[in-house]
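One file, start.txt, is given below (compact mmCIF, C-alpha atoms and all ligand atoms).
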```
# COMPACT_ATOMS: atom_id res chain seq x y z
CA MET U 1 -13.83 -51.25 -57.28
CA SER U 2 -17.24 -50.05 -58.37
CA TYR U 3 -20.22 -50.02 -56.07
CA VAL U 4 -22.76 -49.78 -58.89
CA GLU U 5 -25.12 -52.75 -58.74
CA ARG U 6 -27.29 -52.11 -61.76
CA LEU U 7 -28.93 -49.51 -63.98
CA VAL U 8 -32.72 -49.53 -64.31
CA CYS U 9 -34.73 -47.72 -66.99
CA SER U 10 -37.10 -45.24 -65.35
CA LYS U 11 -39.72 -45.88 -68.07
CA CYS U 12 -39.75 -49.60 -68.88
CA ARG U 13 -37.75 -50.95 -65.89
CA THR U 14 -35.32 -52.85 -68.14
CA THR U 15 -32.24 -53.69 -66.05
CA TYR U 16 -28.66 -53.27 -67.28
CA GLU U 17 -25.41 -54.61 -65.85
CA PRO U 18 -22.84 -51.89 -65.04
CA GLU U 19 -20.29 -53.65 -67.30
CA GLU U 20 -22.53 -52.90 -70.30
CA SER U 21 -21.97 -49.18 -69.65
CA PRO U 22 -25.27 -48.25 -71.36
CA VAL U 23 -26.11 -44.60 -72.00
CA MET U 24 -29.67 -44.86 -73.31
CA CYS U 25 -32.36 -47.49 -72.90
CA ARG U 26 -32.16 -49.86 -75.86
CA LYS U 27 -35.93 -49.41 -76.29
CA ARG U 28 -35.30 -45.75 -77.07
CA ASP U 29 -38.16 -44.80 -74.79
CA PHE U 30 -36.32 -41.77 -73.33
CA GLY U 31 -36.26 -43.42 -69.92
CA ARG U 32 -33.33 -42.53 -67.67
CA LEU U 33 -31.10 -45.42 -66.66
CA ASP U 34 -31.16 -44.85 -62.92
CA ILE U 35 -27.97 -46.04 -61.26
CA GLU U 36 -28.32 -48.18 -58.17
CA TYR U 37 -25.48 -48.71 -55.69
CA ASP U 38 -24.73 -51.43 -53.18
CA TYR U 39 -25.54 -49.24 -50.17
CA ASP U 40 -24.37 -51.87 -47.65
CA ALA U 41 -20.92 -52.01 -49.20
CA VAL U 42 -20.73 -48.23 -49.58
CA SER U 43 -21.80 -47.62 -45.98
CA ALA U 44 -18.84 -49.67 -44.75
CA LYS U 45 -16.44 -47.30 -46.53
CA LEU U 46 -18.22 -43.95 -46.59
CA THR U 47 -18.76 -43.10 -42.94
CA ARG U 48 -18.71 -39.91 -40.90
CA ALA U 49 -15.29 -40.90 -39.57
CA SER U 50 -13.83 -41.79 -42.98
CA LEU U 51 -15.10 -38.52 -44.44
CA LYS U 52 -13.32 -36.59 -41.69
CA SER U 53 -10.00 -38.13 -42.61
CA ARG U 54 -10.37 -37.57 -46.36
CA GLY U 55 -8.19 -34.85 -47.81
CA ALA U 56 -9.89 -34.54 -51.20
CA ARG U 57 -12.37 -31.71 -51.24
CA ASP U 58 -13.92 -32.05 -54.66
CA VAL U 59 -16.64 -34.08 -56.34
CA TRP U 60 -14.38 -37.15 -56.13
CA ARG U 61 -14.44 -37.06 -52.34
CA TYR U 62 -17.58 -39.20 -52.67
CA GLU U 63 -16.09 -41.70 -55.09
CA GLU U 64 -17.99 -44.70 -53.72
CA LEU U 65 -21.26 -43.05 -54.74
CA LEU U 66 -20.07 -42.12 -58.23
CA PRO U 67 -20.45 -44.39 -61.27
CA VAL U 68 -16.86 -44.09 -62.48
CA ARG U 69 -13.51 -44.45 -60.73
CA GLN U 70 -11.56 -41.29 -60.17
CA LYS U 71 -8.50 -42.63 -61.93
CA PHE U 72 -10.38 -41.74 -65.15
CA ALA U 73 -11.17 -38.21 -63.97
CA VAL U 74 -9.91 -35.00 -65.47
CA LYS U 75 -9.80 -32.71 -62.46
CA LEU U 76 -10.30 -28.99 -62.79
CA GLY U 77 -11.39 -28.36 -59.20
CA GLU U 78 -15.10 -29.17 -59.52
CA GLY U 79 -17.28 -28.94 -56.43
CA ASN U 80 -16.38 -27.93 -52.87
CA THR U 81 -18.18 -24.63 -53.31
CA PRO U 82 -18.74 -22.32 -50.34
CA LEU U 83 -21.91 -22.14 -48.32
CA ILE U 84 -22.34 -18.47 -47.48
CA HIS U 85 -24.49 -17.17 -44.64
CA ALA U 86 -26.31 -14.40 -46.50
CA LYS U 87 -27.13 -12.15 -43.57
CA ARG U 88 -27.78 -8.94 -45.47
CA LEU U 89 -29.87 -10.54 -48.19
CA GLY U 90 -31.71 -12.59 -45.58
CA GLU U 91 -32.54 -9.42 -43.69
CA LYS U 92 -33.89 -7.88 -46.89
CA LEU U 93 -36.09 -10.92 -47.51
CA GLY U 94 -37.16 -11.08 -43.87
CA ILE U 95 -35.36 -14.25 -42.75
CA SER U 96 -32.20 -14.69 -40.70
CA LYS U 97 -31.18 -18.15 -41.80
CA LEU U 98 -30.49 -17.80 -45.51
CA TYR U 99 -27.51 -19.59 -47.03
CA LEU U 100 -26.17 -19.44 -50.59
CA LYS U 101 -24.43 -22.42 -52.13
CA ASP U 102 -22.22 -20.51 -54.53
CA GLU U 103 -21.89 -22.75 -57.56
CA THR U 104 -20.45 -19.91 -59.65
CA ARG U 105 -17.08 -20.89 -58.13
CA ASN U 106 -16.84 -24.04 -60.23
CA PRO U 107 -14.11 -24.19 -62.92
CA THR U 108 -16.30 -22.97 -65.79
CA ALA U 109 -18.50 -20.89 -63.48
CA SER U 110 -21.61 -23.05 -63.22
CA PHE U 111 -22.79 -26.12 -61.31
CA LYS U 112 -22.71 -28.09 -64.57
CA ASP U 113 -19.03 -28.83 -63.92
CA ARG U 114 -20.09 -31.39 -61.36
CA ALA U 115 -22.09 -33.23 -64.02
CA MET U 116 -19.62 -32.90 -66.85
CA ALA U 117 -16.62 -33.95 -64.71
CA VAL U 118 -18.38 -37.27 -64.14
CA GLY U 119 -19.68 -37.52 -67.71
CA ILE U 120 -16.24 -36.98 -69.24
CA ALA U 121 -14.60 -39.40 -66.80
CA LYS U 122 -16.97 -42.06 -68.11
CA ALA U 123 -16.11 -41.10 -71.70
CA VAL U 124 -12.41 -41.45 -70.84
CA GLU U 125 -13.04 -44.85 -69.26
CA LEU U 126 -14.82 -45.99 -72.43
CA GLY U 127 -12.09 -44.58 -74.70
CA LYS U 128 -14.45 -42.15 -76.50
CA LYS U 129 -12.90 -39.62 -78.85
CA ASP U 130 -15.99 -37.51 -79.69
CA VAL U 131 -18.70 -36.30 -77.32
CA ALA U 132 -21.91 -34.47 -78.19
CA ILE U 133 -24.09 -32.19 -76.12
CA ALA U 134 -27.35 -30.28 -76.45
CA SER U 135 -27.44 -27.35 -74.07
CA SER U 136 -28.46 -23.74 -73.57
CA GLY U 137 -24.78 -23.06 -73.01
CA ASN U 138 -23.51 -23.77 -69.50
CA ALA U 139 -23.37 -27.54 -69.75
CA ALA U 140 -21.83 -27.26 -73.22
CA ALA U 141 -19.16 -24.83 -72.00
CA SER U 142 -18.40 -27.19 -69.16
CA LEU U 143 -18.23 -30.31 -71.33
CA ALA U 144 -15.99 -28.42 -73.75
CA ALA U 145 -13.55 -27.54 -70.96
CA TYR U 146 -13.35 -31.10 -69.65
CA SER U 147 -13.08 -32.44 -73.22
CA ALA U 148 -10.21 -30.05 -73.94
CA ALA U 149 -8.36 -31.22 -70.85
CA ALA U 150 -9.01 -34.87 -71.76
CA GLY U 151 -8.05 -34.49 -75.43
CA ILE U 152 -11.57 -35.38 -76.59
CA ARG U 153 -13.44 -33.57 -79.37
CA CYS U 154 -16.63 -31.80 -78.23
CA HIS U 155 -19.60 -31.14 -80.54
CA ALA U 156 -21.98 -28.62 -78.97
CA PHE U 157 -25.56 -28.07 -80.16
CA VAL U 158 -26.77 -24.78 -78.71
CA PRO U 159 -29.68 -22.39 -79.34
CA ASP U 160 -29.08 -19.75 -82.01
CA ASP U 161 -29.38 -17.04 -79.33
CA ALA U 162 -27.09 -18.65 -76.73
CA ALA U 163 -25.45 -16.24 -74.26
CA VAL U 164 -22.28 -14.55 -75.46
CA GLY U 165 -20.12 -15.61 -72.50
CA LYS U 166 -21.07 -19.24 -72.98
CA ILE U 167 -20.31 -19.10 -76.71
CA ALA U 168 -16.96 -17.44 -75.95
CA GLN U 169 -16.12 -20.29 -73.59
CA LEU U 170 -17.09 -22.87 -76.20
CA MET U 171 -14.95 -21.19 -78.83
CA LEU U 172 -11.91 -20.91 -76.63
CA TYR U 173 -12.18 -24.48 -75.35
CA GLY U 174 -12.15 -25.56 -78.99
CA ALA U 175 -15.61 -27.10 -79.31
CA THR U 176 -17.41 -27.45 -82.63
CA ILE U 177 -20.41 -25.16 -82.22
CA LEU U 178 -23.68 -25.92 -84.00
CA ARG U 179 -26.42 -23.35 -83.52
CA CYS U 180 -30.00 -24.63 -83.72
CA LYS U 181 -33.24 -22.69 -84.14
CA GLN U 182 -36.54 -23.85 -82.71
CA GLU U 183 -38.92 -24.20 -85.68
CA LYS U 184 -41.93 -25.92 -84.14
CA GLU U 185 -43.99 -25.46 -80.98
CA GLY U 186 -42.54 -27.34 -78.00
CA GLU U 187 -39.65 -28.68 -80.08
CA ASP U 188 -36.26 -29.11 -78.38
CA ALA U 189 -34.18 -28.29 -81.46
CA THR U 190 -30.77 -28.81 -79.84
CA VAL U 191 -31.72 -32.26 -78.53
CA GLN U 192 -33.11 -33.35 -81.92
CA ALA U 193 -29.92 -32.23 -83.67
CA MET U 194 -27.70 -33.90 -81.06
CA LEU U 195 -29.57 -37.21 -81.35
CA GLN U 196 -29.19 -37.12 -85.11
CA ALA U 197 -25.43 -36.57 -84.76
CA VAL U 198 -25.19 -39.39 -82.20
CA ASP U 199 -26.97 -41.76 -84.60
CA GLU U 200 -25.13 -40.70 -87.73
CA SER U 201 -21.63 -40.07 -86.40
CA GLY U 202 -21.46 -42.33 -83.36
CA TYR U 203 -20.63 -39.49 -80.96
CA TYR U 204 -20.93 -40.23 -77.26
CA PRO U 205 -23.93 -38.25 -75.92
CA CYS U 206 -23.20 -36.27 -72.78
CA PRO U 207 -25.89 -33.62 -72.27
CA SER U 208 -27.07 -32.76 -68.77
CA PHE U 209 -30.33 -34.65 -69.34
CA GLY U 210 -30.66 -38.04 -67.65
CA PRO U 211 -32.37 -39.90 -70.54
CA PHE U 212 -29.34 -39.34 -72.78
CA ASN U 213 -26.56 -39.94 -70.28
CA PRO U 214 -27.17 -41.39 -66.82
CA TYR U 215 -23.63 -40.96 -65.46
CA GLN U 216 -23.52 -37.18 -65.45
CA VAL U 217 -26.71 -37.08 -63.31
CA GLU U 218 -24.58 -38.41 -60.47
CA GLY U 219 -22.32 -35.33 -60.42
CA PRO U 220 -24.80 -32.72 -59.14
CA LYS U 221 -25.87 -35.01 -56.31
CA THR U 222 -22.57 -34.10 -54.66
CA ILE U 223 -24.25 -30.76 -53.86
CA SER U 224 -26.46 -32.69 -51.43
CA PHE U 225 -23.43 -34.46 -49.98
CA GLU U 226 -21.52 -31.22 -49.51
CA LEU U 227 -24.51 -29.50 -47.94
CA HIS U 228 -24.83 -32.39 -45.55
CA GLU U 229 -21.22 -31.93 -44.47
CA GLN U 230 -21.33 -28.12 -44.45
CA HIS U 231 -24.56 -27.62 -42.64
CA LYS U 232 -26.64 -28.73 -39.72
CA TRP U 233 -28.70 -31.13 -41.76
CA ASP U 234 -31.60 -31.54 -39.35
CA GLU U 235 -32.13 -27.80 -39.43
CA THR U 236 -32.10 -27.38 -43.20
CA ASP U 237 -35.71 -26.82 -44.15
CA TRP U 238 -35.53 -25.80 -47.80
CA ILE U 239 -33.19 -26.16 -50.78
CA LEU U 240 -34.14 -23.98 -53.76
CA ALA U 241 -32.99 -24.99 -57.23
CA PRO U 242 -33.35 -23.01 -60.48
CA THR U 243 -34.95 -25.52 -62.83
CA GLY U 244 -35.02 -26.15 -66.57
CA SER U 245 -34.87 -29.82 -67.50
CA GLY U 246 -35.10 -31.05 -63.90
CA CYS U 247 -31.72 -32.81 -64.03
CA LEU U 248 -30.31 -30.74 -61.17
CA LEU U 249 -33.34 -31.60 -59.02
CA THR U 250 -32.94 -35.24 -60.02
CA GLY U 251 -29.34 -35.16 -58.83
CA LEU U 252 -30.17 -33.38 -55.58
CA TRP U 253 -32.91 -35.89 -54.87
CA LYS U 254 -30.66 -38.84 -55.72
CA GLY U 255 -28.08 -37.41 -53.33
CA LEU U 256 -30.64 -37.19 -50.54
CA GLN U 257 -31.68 -40.78 -51.09
CA ASP U 258 -28.04 -41.92 -51.17
CA LEU U 259 -27.34 -40.18 -47.87
CA ARG U 260 -30.24 -42.00 -46.30
CA GLY U 261 -29.36 -45.26 -48.06
CA VAL U 262 -25.85 -45.34 -46.59
CA GLY U 263 -27.00 -44.21 -43.16
CA LEU U 264 -25.46 -40.73 -43.16
CA ALA U 265 -28.78 -38.90 -42.82
CA ASP U 266 -32.30 -39.76 -41.80
CA SER U 267 -34.23 -36.67 -42.83
CA TYR U 268 -34.83 -34.86 -46.10
CA PRO U 269 -34.84 -31.10 -46.55
CA ARG U 270 -37.71 -29.86 -48.73
CA LEU U 271 -36.73 -29.37 -52.36
CA VAL U 272 -38.09 -26.41 -54.33
CA SER U 273 -38.16 -26.17 -58.10
CA VAL U 274 -37.98 -22.57 -59.37
CA GLN U 275 -38.83 -21.84 -63.00
CA PRO U 276 -39.28 -18.64 -65.00
CA LYS U 277 -42.90 -17.73 -65.81
CA GLY U 278 -42.04 -18.01 -69.52
CA ASN U 279 -41.17 -21.69 -69.19
CA GLN U 280 -43.08 -23.32 -66.38
CA ALA U 281 -44.28 -26.71 -67.55
CA LEU U 282 -42.87 -28.41 -64.47
CA THR U 283 -44.28 -25.85 -62.02
CA LYS U 284 -47.71 -26.37 -63.53
CA ALA U 285 -47.35 -30.14 -63.24
CA ILE U 286 -46.30 -29.87 -59.59
CA ASN U 287 -49.12 -27.56 -58.62
CA LYS U 288 -51.82 -29.38 -60.62
CA HIS U 289 -50.59 -32.78 -59.42
CA LEU U 290 -50.05 -34.00 -62.96
CA ARG U 291 -48.16 -37.14 -63.86
CA PHE U 292 -44.99 -36.91 -65.93
CA ASP U 293 -46.73 -38.21 -69.06
CA GLN U 294 -49.30 -35.41 -68.73
CA ILE U 295 -46.71 -32.64 -68.96
CA VAL U 296 -47.20 -30.41 -71.98
CA PRO U 297 -43.98 -28.79 -73.27
CA GLU U 298 -43.92 -25.00 -73.32
CA ALA U 299 -44.69 -23.93 -76.91
CA TYR U 300 -42.04 -21.18 -77.21
CA PRO U 301 -40.11 -20.70 -73.95
CA GLU U 302 -39.04 -17.16 -73.24
CA SER U 303 -37.23 -15.61 -70.29
CA VAL U 304 -34.22 -13.58 -69.27
CA ALA U 305 -33.08 -16.81 -67.57
CA SER U 306 -31.64 -18.37 -70.71
CA GLY U 307 -30.36 -21.46 -68.89
CA LEU U 308 -33.88 -22.44 -67.84
CA LEU U 309 -35.52 -22.60 -71.25
CA ASP U 310 -35.73 -26.32 -72.00
CA PRO U 311 -39.20 -26.65 -73.57
CA PHE U 312 -39.56 -30.11 -72.05
CA PRO U 313 -38.33 -31.20 -68.61
CA TRP U 314 -36.49 -34.37 -69.67
CA ASP U 315 -35.97 -35.40 -66.05
CA GLY U 316 -39.42 -34.25 -64.95
CA ASP U 317 -40.39 -37.68 -63.65
CA SER U 318 -37.84 -37.69 -60.88
CA ALA U 319 -38.14 -33.94 -60.36
CA LEU U 320 -41.84 -34.49 -59.61
CA ALA U 321 -40.94 -37.36 -57.26
CA ALA U 322 -38.34 -35.16 -55.55
CA ILE U 323 -40.93 -32.46 -54.80
CA GLU U 324 -43.58 -34.91 -53.70
CA ARG U 325 -41.39 -37.12 -51.53
CA THR U 326 -39.68 -34.22 -49.75
CA ASN U 327 -42.93 -32.32 -49.34
CA GLY U 328 -41.33 -29.54 -51.37
CA ALA U 329 -42.79 -26.93 -53.70
CA GLY U 330 -42.83 -25.65 -57.27
CA VAL U 331 -42.86 -21.94 -57.98
CA SER U 332 -42.53 -19.67 -61.01
CA VAL U 333 -41.10 -16.17 -61.05
CA ASP U 334 -41.26 -13.41 -63.63
CA ASP U 335 -38.23 -11.84 -65.29
CA ARG U 336 -38.44 -8.70 -63.18
CA ALA U 337 -38.21 -10.77 -60.00
CA ILE U 338 -35.27 -12.70 -61.44
CA MET U 339 -33.37 -9.52 -62.27
CA GLN U 340 -34.15 -8.16 -58.81
CA ALA U 341 -32.54 -11.29 -57.39
CA VAL U 342 -29.46 -10.74 -59.61
CA ARG U 343 -29.20 -7.21 -58.21
CA ASP U 344 -29.76 -8.24 -54.58
CA LEU U 345 -27.23 -11.07 -54.69
CA ALA U 346 -24.57 -8.67 -55.93
CA ALA U 347 -25.50 -5.65 -53.81
CA CYS U 348 -26.08 -7.48 -50.53
CA GLU U 349 -23.68 -10.40 -50.74
CA GLY U 350 -21.07 -9.72 -53.43
CA VAL U 351 -22.24 -12.72 -55.43
CA PHE U 352 -22.40 -12.16 -59.19
CA ALA U 353 -25.01 -14.46 -60.72
CA GLU U 354 -26.46 -14.87 -64.18
CA PRO U 355 -30.27 -14.60 -64.25
CA SER U 356 -30.72 -18.40 -64.32
CA GLY U 357 -28.37 -18.69 -61.38
CA ALA U 358 -30.34 -16.16 -59.32
CA ALA U 359 -33.80 -17.64 -59.91
CA GLY U 360 -33.67 -19.67 -56.69
CA VAL U 361 -33.44 -16.48 -54.66
CA ALA U 362 -36.38 -14.99 -56.58
CA GLY U 363 -38.38 -18.13 -55.82
CA LEU U 364 -37.47 -17.90 -52.15
CA ARG U 365 -38.66 -14.30 -51.94
CA LYS U 366 -41.99 -15.35 -53.39
CA LEU U 367 -42.40 -18.27 -51.01
CA ILE U 368 -41.58 -16.07 -48.01
CA ARG U 369 -44.20 -13.54 -49.15
CA GLU U 370 -46.75 -16.31 -49.56
CA GLY U 371 -45.97 -17.61 -46.07
CA VAL U 372 -44.86 -21.00 -47.39
CA VAL U 373 -41.30 -20.48 -46.14
CA GLY U 374 -41.47 -19.38 -42.50
CA ARG U 375 -39.45 -16.53 -40.98
CA ASP U 376 -37.52 -18.97 -38.78
CA ASP U 377 -36.90 -21.58 -41.45
CA THR U 378 -33.41 -22.34 -42.73
CA SER U 379 -33.12 -22.00 -46.50
CA VAL U 380 -30.32 -22.82 -48.90
CA ALA U 381 -30.56 -21.13 -52.31
CA LEU U 382 -28.36 -22.65 -54.99
CA VAL U 383 -26.68 -19.93 -57.07
CA THR U 384 -26.00 -22.01 -60.13
CA GLY U 385 -24.20 -19.83 -62.70
CA SER U 386 -22.03 -16.72 -62.91
CA GLY U 387 -23.06 -13.27 -64.14
CA LEU U 388 -19.89 -13.11 -66.22
CA LYS U 389 -21.63 -15.47 -68.65
CA GLU U 390 -24.16 -12.83 -69.63
CA PRO U 391 -22.69 -9.38 -68.97
CA ASP U 392 -25.10 -7.87 -71.52
CA LYS U 393 -28.07 -8.70 -69.28
CA VAL U 394 -26.41 -6.96 -66.36
CA MET U 395 -25.55 -3.92 -68.48
CA SER U 396 -29.14 -3.69 -69.69
CA MET U 397 -30.19 -2.95 -66.12
CA PHE U 398 -28.07 0.18 -66.12
CA LEU U 399 -28.37 1.42 -69.68
CA LYS U 400 -31.37 3.59 -70.46
CA LYS U 401 -33.54 2.50 -73.37
CA PRO U 402 -33.29 5.01 -76.30
C1 LIG Y 501 -27.25 -21.57 -64.42
C2 LIG Y 501 -28.22 -22.71 -64.52
N1 LIG Y 501 -29.02 -22.97 -63.47
C3 LIG Y 501 -29.91 -23.96 -63.48
C4 LIG Y 501 -30.06 -24.77 -64.60
C5 LIG Y 501 -31.15 -25.80 -64.60
O1 LIG Y 501 -30.71 -27.09 -64.50
P1 LIG Y 501 -31.63 -28.28 -65.02
O2 LIG Y 501 -31.77 -28.14 -66.50
O3 LIG Y 501 -30.84 -29.47 -64.63
O4 LIG Y 501 -32.95 -28.19 -64.33
C6 LIG Y 501 -29.25 -24.56 -65.72
C7 LIG Y 501 -29.38 -25.41 -66.91
O5 LIG Y 501 -28.83 -25.17 -67.95
C8 LIG Y 501 -28.31 -23.50 -65.68
O6 LIG Y 501 -27.52 -23.23 -66.73
ZN ZN Y 502 -36.62 -48.25 -71.22
```
Whole structure, structure tokens version:
Amino acid sequence: MSYVERLVCSKCRTTYEPEESPVMCRKRDFGRLDIEYDYDAVSAKLTRASLKSRGARDVWRYEELLPVRQKFAVKLGEGNTPLIHAKRLGEKLGISKLYLKDETRNPTASFKDRAMAVGIAKAVELGKKDVAIASSGNAAASLAAYSAAAGIRCHAFVPDDAAVGKIAQLMLYGATILRCKQEKEGEDATVQAMLQAVDESGYYPCPSFGPFNPYQVEGPKTISFELHEQHKWDETDWILAPTGSGCLLTGLWKGLQDLRGVGLADSYPRLVSVQPKGNQALTKAINKHLRFDQIVPEAYPESVASGLLDPFPWDGDSALAAIERTNGAGVSVDDRAIMQAVRDLAACEGVFAEPSGAAGVAGLRKLIREGVVGRDDTSVALVTGSGLKEPDKVMSMFLKKP
């Protein structure tokens, strides 16, 4: 049984029945088809007591709040990542209650597995044979792994300078790799190429951007559910998320609303969006109180955090809402601060992150310095991707320039 009541376009409010299984608004307005659940029915099944007796410890533990039944799932062990009390790193940053949600432990070593597990389950349900993705690399590597396990062909549109570890994953998982170069200011070349392939070849789009696939958005919200179970919720003050397109924030925020909707929680932690200085359209919008339609894409994004370089935050509307409604914050950090966070995570906590995955910690350091995050606050930094994806960036810290 599905608990999805309807899907509603975030731009034009057109409503869709779940049976239609839409992926994009038929008006092609790049609205996200937000999925609404029957919270009353879910709350009868998904209770504190029922959760206690559930054995499953993966994304599918929260099946009632997912848009596809788990019988369609290809399971690689997505989700159920550890929450680590980072005492030594906390001490270095000047706080005692720092926790790391270590998303590098997912099957393909990034949080994107949560999204792609749900996205591919939907593709399986619909009998799709070809899926397409636009991605800086992590989401593509993840979709390729799930596609391989499901026997689906994966067509990945990635930037021409995508990280070597991510390309290696794509090759080994058997994806068709199409490298795209940004030619114009603010252009999202991989998305344009993916949309063209979707139109011309009928591929099923499954990027980790809400406007092009609403089902996968529901995967990352399980981070909020897990945190709720792993942590004293009332005491969680801040959750810091490295941000590119804003889809992760959208998922986290959706998860918080779901928890409240089904009566499992009555407070929201404050969500923080962390972007690199070289791609900070969303941070600017947050801090200047701009509306989504006022966001100007970054002309030519550049940062060591290659996973955070979407020129346009496709899910910026709900990312803005997430920050506003949780009384959160938006912060940008420079590459030096990001690499410092990579170093500190490894040296203090034994956690090996790629630069994009460490940006949340860099953002936290800045907010502590600025006095926004208090010394007694409880903070959860999401570590979203593994350092093994980009070993060259780690090596560059140790190799002297000629
Ligand atoms: C490691 C890592 N962290 C964070 C993000 C940002 O997620 P989003 O684009 O949903 O904001 C990405 C996106 O590719 C990523 O690869
Ligand atoms: Zn619409």
- Message: For U:Ser136, find every residue with an atom within 10 Å (counting all atoms listed in the file), except residues of its own chain fewer than 2 positions away, and show them as an MDAnalysis selection string.
- Response: chainID U and resid 133:134 138:141 156:163 166:167 190 244 306:310
Write the selection just made, keeping C-alpha atoms, as a PDB file, in the frame of the given file?
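Listed below is the output, selection20.pdb:
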```
ATOM      1  CA  ILE U 133     -24.090 -32.190 -76.120  1.00  0.00           C
ATOM      2  CA  ALA U 134     -27.350 -30.280 -76.450  1.00  0.00           C
ATOM      3  CA  ASN U 138     -23.510 -23.770 -69.500  1.00  0.00           C
ATOM      4  CA  ALA U 139     -23.370 -27.540 -69.750  1.00  0.00           C
ATOM      5  CA  ALA U 140     -21.830 -27.260 -73.220  1.00  0.00           C
ATOM      6  CA  ALA U 141     -19.160 -24.830 -72.000  1.00  0.00           C
ATOM      7  CA  ALA U 156     -21.980 -28.620 -78.970  1.00  0.00           C
ATOM      8  CA  PHE U 157     -25.560 -28.070 -80.160  1.00  0.00           C
ATOM      9  CA  VAL U 158     -26.770 -24.780 -78.710  1.00  0.00           C
ATOM     10  CA  PRO U 159     -29.680 -22.390 -79.340  1.00  0.00           C
ATOM     11  CA  ASP U 160     -29.080 -19.750 -82.010  1.00  0.00           C
ATOM     12  CA  ASP U 161     -29.380 -17.040 -79.330  1.00  0.00           C
ATOM     13  CA  ALA U 162     -27.090 -18.650 -76.730  1.00  0.00           C
ATOM     14  CA  ALA U 163     -25.450 -16.240 -74.260  1.00  0.00           C
ATOM     15  CA  LYS U 166     -21.070 -19.240 -72.980  1.00  0.00           C
ATOM     16  CA  ILE U 167     -20.310 -19.100 -76.710  1.00  0.00           C
ATOM     17  CA  THR U 190     -30.770 -28.810 -79.840  1.00  0.00           C
ATOM     18  CA  GLY U 244     -35.020 -26.150 -66.570  1.00  0.00           C
ATOM     19  CA  SER U 306     -31.640 -18.370 -70.710  1.00  0.00           C
ATOM     20  CA  GLY U 307     -30.360 -21.460 -68.890  1.00  0.00           C
ATOM     21  CA  LEU U 308     -33.880 -22.440 -67.840  1.00  0.00           C
ATOM     22  CA  LEU U 309     -35.520 -22.600 -71.250  1.00  0.00           C
ATOM     23  CA  ASP U 310     -35.730 -26.320 -72.000  1.00  0.00           C
TER      24      ASP U 310
END
```
Write out as a Markdown table the residues of chain U that have any atom within 7 Å of an atom of ligand ZN 502 (chain Y), one row each with the nearest atom pair and its distance in Å to one decimal, counting all atoms listed in the file, sorted by chain and then rising number.
```
| residue | atom | partner | partner_atom | distance |
| --- | --- | --- | --- | --- |
| U:Cys9 | CA | Y:ZN502 | ZN | 4.7 |
| U:Ser10 | CA | Y:ZN502 | ZN | 6.6 |
| U:Lys11 | CA | Y:ZN502 | ZN | 5.0 |
| U:Cys12 | CA | Y:ZN502 | ZN | 4.1 |
| U:Arg13 | CA | Y:ZN502 | ZN | 6.1 |
| U:Thr14 | CA | Y:ZN502 | ZN | 5.7 |
| U:Cys25 | CA | Y:ZN502 | ZN | 4.6 |
| U:Arg26 | CA | Y:ZN502 | ZN | 6.6 |
| U:Lys27 | CA | Y:ZN502 | ZN | 5.2 |
| U:Arg28 | CA | Y:ZN502 | ZN | 6.5 |
| U:Asp29 | CA | Y:ZN502 | ZN | 5.2 |
| U:Phe30 | CA | Y:ZN502 | ZN | 6.8 |
| U:Gly31 | CA | Y:ZN502 | ZN | 5.0 |
```
- Query: So which residues are close to (-21.2, -30.4, -58.5), meaning at most 7 Å away in the file's coordinates with all atoms listed in the file counted, and can you show them as an NGL selection string?
  - Reply: :U and (59 or 78-79 or 111-115 or 219-223)
- Query: In Å, how far is it from atom CA of U:Gly251 to atom CA of U:Leu367?
  - Reply: 22.7 Å
- Task: Would you work out the distance separating atom CA of U:Leu320 from atom CA of U:Gln340, expressed in Å to one decimal?
- Result: 27.4 Å
- Task: Pick out the residues sitting within 6 Å of U:Leu271, and hand them over as an MDAnalysis selection string; count all atoms listed in the file, and ignore anything fewer than 4 positions along from it in its own chain.
- Result: chainID U and resid 238:239 323 328
- Message: For a test of reading the model, state the distance in Å between atom CA of U:Glu200 and atom CA of U:Ser21, rounded to one decimal.
- Response: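 So the answer is 20.2 Å.
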- What residues have an atom no more than 12 Å from (-27.0, -6.5, -69.6) in the file's own frame, counting only C-alpha atoms, and can you write them as number ranges by chain? U: 163-165, 304, 339, 342-343, 354-355, 387-401
- Note on the structure: Min atom-atom distance to ligand LIG 501 (chain Y) from the set U:Asn327, U:Ser43, U:Asn287, U:Thr250, counting only C-alpha atoms and all ligand atoms, belongs to U:Thr250
- Task: Would you kindly return, as a PyMOL selection string, each protein, DNA or RNA residue with an atom no farther than 6 Å from any atom of U:Glu5, considering all atoms listed in the file and excluding same-chain residues fewer than 2 positions away?
- Result: chain U and resi 36-38
- Name all residues at most 6 Å from stretch 276-284 of chain U (count all atoms listed in the file; drop same-chain ones fewer than 2 positions away) and give them as a list in words.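 Counting only the stated atoms, we get Ile286, Asn287, Lys288, Glu298, Pro301, Glu302, Ser303, Gly330, Val331, Ser332, Val333 and Asp334 of chain U.
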- Which residue, U:Asp237, U:Asp130, U:Glu370, U:Asp266, has the smallest gap to U:Leu98 when you use all atoms listed in the file?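 Smallest distance to U:Leu98 is found for U:Asp237.
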- Query: Given the choices U:Arg57, U:Gly263, U:Ser318, U:Val272, which gets closest to U:Val372 if the distance is worked out from all atoms listed in the file?
  - Reply: U:Val272
- Taking into account all atoms listed in the file, which residue in the set U:Cys247, U:Leu51, U:Val118, U:Ala347 is nearest to ligand LIG 501 (chain Y)?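 Ranking U:Cys247, U:Leu51, U:Val118, U:Ala347 by distance to ligand LIG 501 (chain Y), first place goes to U:Cys247.
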